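First the structure, in the form of C-alpha cells, and then the observations on it.
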Amino acid sequence: MAIVLPERIEGPDGLLLRRWVVEDTEALGRAVAESSEHLRPWMEWIAAEPLAIERRRAMLAEWEREWAQGGDAVYGAFVDQQIAGGCGLHRRIAPDGLEIGYWIHPTFLRRGLATRVARLLTDAAFTLPGITHVEIHHDKANLASAGVPGNLGFEWLGKVRDQPAAPGELGLEWRWRMERGRWRPPAGAA
Ligand SMILES: CC(C)(COP(=O)(O)OP(=O)(O)OC[C@H]1O[C@@H](n2cnc3c(N)ncnc32)[C@H](O)[C@@H]1OP(=O)(O)O)[C@@H](O)C(=O)NCCC(=O)NCCS
C-alpha cells in the first residue's frame, strides 16, 4: 500500500498546509464562495458549487478516507489561521510521482502565496521515500498558474491536447516537472 502523505506541512514563514477535516465544512464553503468568480475559468469542480452542506461534509469525509488509505492529500492553506486557499498532492501521474494542485483566495492573490505553497508541497513530496518527481499541470491559457512552476525552476515538459474542462481553458495542457535530484530545499529552511 502507498505511504500515507503528510497530514500537516508547516512553512518557516507561518504558512500552514493542513489536511481539510469534516469540521472545516462550513469555513471551506465560505472560502470557496468568496473565491468562486476567479476560480470559475480554471477549476472544473467549481461548476458544482455551491454544494449543499451535507454534500461538502461527505466530500471531506471521503477525502479523509482516501488519504488514510494512502491516496491523495487535499489541504487548506492557512495564513494567521485564515483560509488563504487550497492545494493538494495527487497520485494521478505515476507511482513514483506526485502532482501539485492549488487555488488562492482573492484576498491573498499576487503576493507569492501560490509559489510558497507549491514550494512547501514540493519539499514535502521529496521527503517521502519513492517519490522521484513532482509535476504541475495547467491549461496553456492559465498564465497565473504558469508563473508558479516557472518561479520554482520546474522544467517545462511540453503540452498535451486535452478536452477543455473549465470555461477559460483552451484544451492544451502544459506540464512542468521537478526531479528529486534537481530540487533545492527552500532558502532559510532547516
Ligand atoms: C494561479 C493562482 C493559484 C496564482 O496564485 P498567486 O498566489 O496569486 O500566485 P503568485 O503570487 O505565487 O504568483 C506566481 C507567479 O504567477 C504569475 N502570475 C500570478 N498571477 C498572475 C496574473 N494574474 N497574471 C499573470 N501572471 C500571474 C506571475 O509570474 C507570478 O510571479 P511574480 O509575482 O513573481 O511575477 C491564482 O491565480 C488562482 O487561484 N487562480 C485560480 C485557480 C487556478 O487557476 N489554479 C491552478 C489551476 S492549474
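In the C-alpha cells, chains take the letters A, B, ... in the order shown, each chain's residues start at 1, and ligands count up from 1 in the order shown.
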Exercise for the section: May I ask you to write as number ranges by chain all residues lying at most 10 Å from ligand 1, with only C-alpha atoms and all ligand atoms counted? Expected result: A: 35-44, 84-87, 100-119, 136-152, 168-169, 173-175
Exercise for the section: Report the residues of chain A whose backbone DSSP state falls under strand (DSSP E or B), written as a PyMOL selection string. Expected result: chain A and resi 8-10+15-19+73-79+82-94+97-104+133-139+155-161+172-179
Exercise for the section: Can you check which residues of region 5-139 of chain A DSSP gives as helix (DSSP H, G or I) on the backbone and send them as a VMD selection string? Expected result: chain A and resid 22 to 39 44 to 48 53 to 68 106 to 108 113 to 125
Any chance you could export the current selection's C-alpha atoms as a short mmCIF file (atom, residue, chain, number, x, y, z; two decimals), in the first residue's frame?
data_model
loop_
_atom_site.label_atom_id
_atom_site.label_comp_id
_atom_site.auth_asym_id
_atom_site.auth_seq_id
_atom_site.Cartn_x
_atom_site.Cartn_y
_atom_site.Cartn_z
CA VAL A 22 -15.02 17.43 8.35
CA GLU A 23 -15.04 20.25 10.94
CA ASP A 24 -13.89 22.62 8.16
CA THR A 25 -17.07 22.06 6.11
CA GLU A 26 -18.65 25.46 6.68
CA ALA A 27 -15.45 27.51 6.59
CA LEU A 28 -14.38 25.83 3.36
CA GLY A 29 -17.81 26.51 1.84
CA ARG A 30 -17.42 30.22 2.68
CA ALA A 31 -13.90 30.43 1.27
CA VAL A 32 -14.96 28.73 -1.96
CA ALA A 33 -17.99 31.03 -2.29
CA GLU A 34 -15.75 34.08 -1.86
CA SER A 35 -13.34 32.70 -4.49
CA SER A 36 -15.79 31.27 -6.99
CA GLU A 37 -15.67 34.04 -9.60
CA HIS A 38 -11.94 33.89 -10.06
CA LEU A 39 -11.82 30.07 -9.87
CA GLU A 44 -13.71 22.24 -13.24
CA TRP A 45 -15.19 21.44 -9.82
CA ILE A 46 -16.45 24.99 -9.26
CA ALA A 47 -19.32 24.29 -11.70
CA ALA A 48 -20.92 22.15 -8.96
CA ILE A 53 -23.57 21.42 3.32
CA GLU A 54 -24.24 17.65 3.64
CA ARG A 55 -22.58 17.06 0.30
CA ARG A 56 -19.48 19.04 1.27
CA ARG A 57 -19.32 17.20 4.59
CA ALA A 58 -19.49 13.86 2.76
CA MET A 59 -16.79 15.03 0.35
CA LEU A 60 -14.45 15.95 3.21
CA ALA A 61 -15.12 12.57 4.86
CA GLU A 62 -14.29 10.87 1.55
CA TRP A 63 -11.04 12.90 1.23
CA GLU A 64 -10.16 11.70 4.74
CA ARG A 65 -10.80 8.03 3.84
CA GLU A 66 -8.76 8.29 0.64
CA TRP A 67 -5.87 9.97 2.43
CA ALA A 68 -5.84 7.38 5.25
CA PRO A 106 -8.82 36.53 -3.74
CA THR A 107 -7.65 38.35 -0.58
CA PHE A 108 -4.23 36.71 -0.91
CA LEU A 113 1.48 32.68 -1.90
CA ALA A 114 0.84 30.01 -4.57
CA THR A 115 4.59 29.91 -5.14
CA ARG A 116 5.21 29.39 -1.40
CA VAL A 117 2.52 26.71 -1.25
CA ALA A 118 3.97 24.83 -4.23
CA ARG A 119 7.48 25.14 -2.77
CA LEU A 120 6.33 23.62 0.52
CA LEU A 121 4.46 20.81 -1.23
CA THR A 122 7.44 20.00 -3.43
CA ASP A 123 9.71 19.97 -0.43
CA ALA A 124 7.33 17.66 1.45
CA ALA A 125 6.96 15.36 -1.57
#
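Separating CA of Asp96 (chain A) from CA of Arg8 (chain A) is a distance of 20.8 Å.
Nearest to Ile83 (chain A) of all the residues A:Leu157, A:Met178, A:Ala2, A:Leu15 is A:Leu15, counting only C-alpha atoms.
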Exercise for the section: Quick one: everything within 12 Å of Ile3 (chain A), counting only C-alpha atoms, minus sequence neighbours fewer than 5 positions away in the same chain. Send it as JSON, numbers by chain. Expected result: {"A": [66, 67, 68, 69, 70, 71, 72, 73, 91, 95, 96, 125, 127, 128, 129, 130, 131]}
Problem - Spatial neighbours of Leu172 (chain A), 8 Å, only C-alpha atoms, chain gap at least 5 places, as a list of chain:residue names - result: A:Asp139, A:Lys140, A:Lys159, A:Val160, A:Arg161, A:Asp162, A:Gln163, A:Pro164
Output for the residues just chosen: N, CA and C atoms as a compact mmCIF listing (two decimals), in the first residue's frame:
# COMPACT_ATOMS: atom_id res chain seq x y z
N ASP A 139 -3.81 24.57 -17.84
CA ASP A 139 -4.14 24.91 -19.23
C ASP A 139 -3.20 26.02 -19.72
N LYS A 140 -2.88 26.00 -20.99
CA LYS A 140 -1.99 26.99 -21.58
C LYS A 140 -2.46 28.42 -21.32
N LYS A 159 3.41 20.29 -24.09
CA LYS A 159 1.96 20.43 -23.99
C LYS A 159 1.27 19.17 -24.52
N VAL A 160 0.11 18.92 -23.96
CA VAL A 160 -0.67 17.74 -24.32
C VAL A 160 -2.09 18.22 -24.61
N ARG A 161 -2.65 17.77 -25.72
CA ARG A 161 -4.01 18.20 -26.04
C ARG A 161 -4.99 17.44 -25.15
N ASP A 162 -5.93 18.17 -24.55
CA ASP A 162 -7.00 17.50 -23.78
C ASP A 162 -8.31 18.27 -24.00
N GLN A 163 -9.35 17.80 -23.38
CA GLN A 163 -10.64 18.48 -23.52
C GLN A 163 -10.69 19.65 -22.55
N PRO A 164 -11.11 20.87 -22.98
CA PRO A 164 -11.28 21.94 -22.01
C PRO A 164 -12.29 21.50 -20.94
Exercise for the section: Calculate how many Å separate CA of Pro50 (chain A) from CA of Gly88 (chain A), rounding to one decimal. Expected result: 20.4 Å
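Atom pair CA of Leu98 (chain A) / CA of Asp80 (chain A): separated by 27.5 Å.
Counting only C-alpha atoms, the residue from A:Ile93, A:Ile9, A:Val74, A:Leu51 that sits nearest to His133 (chain A) is A:Ile93.
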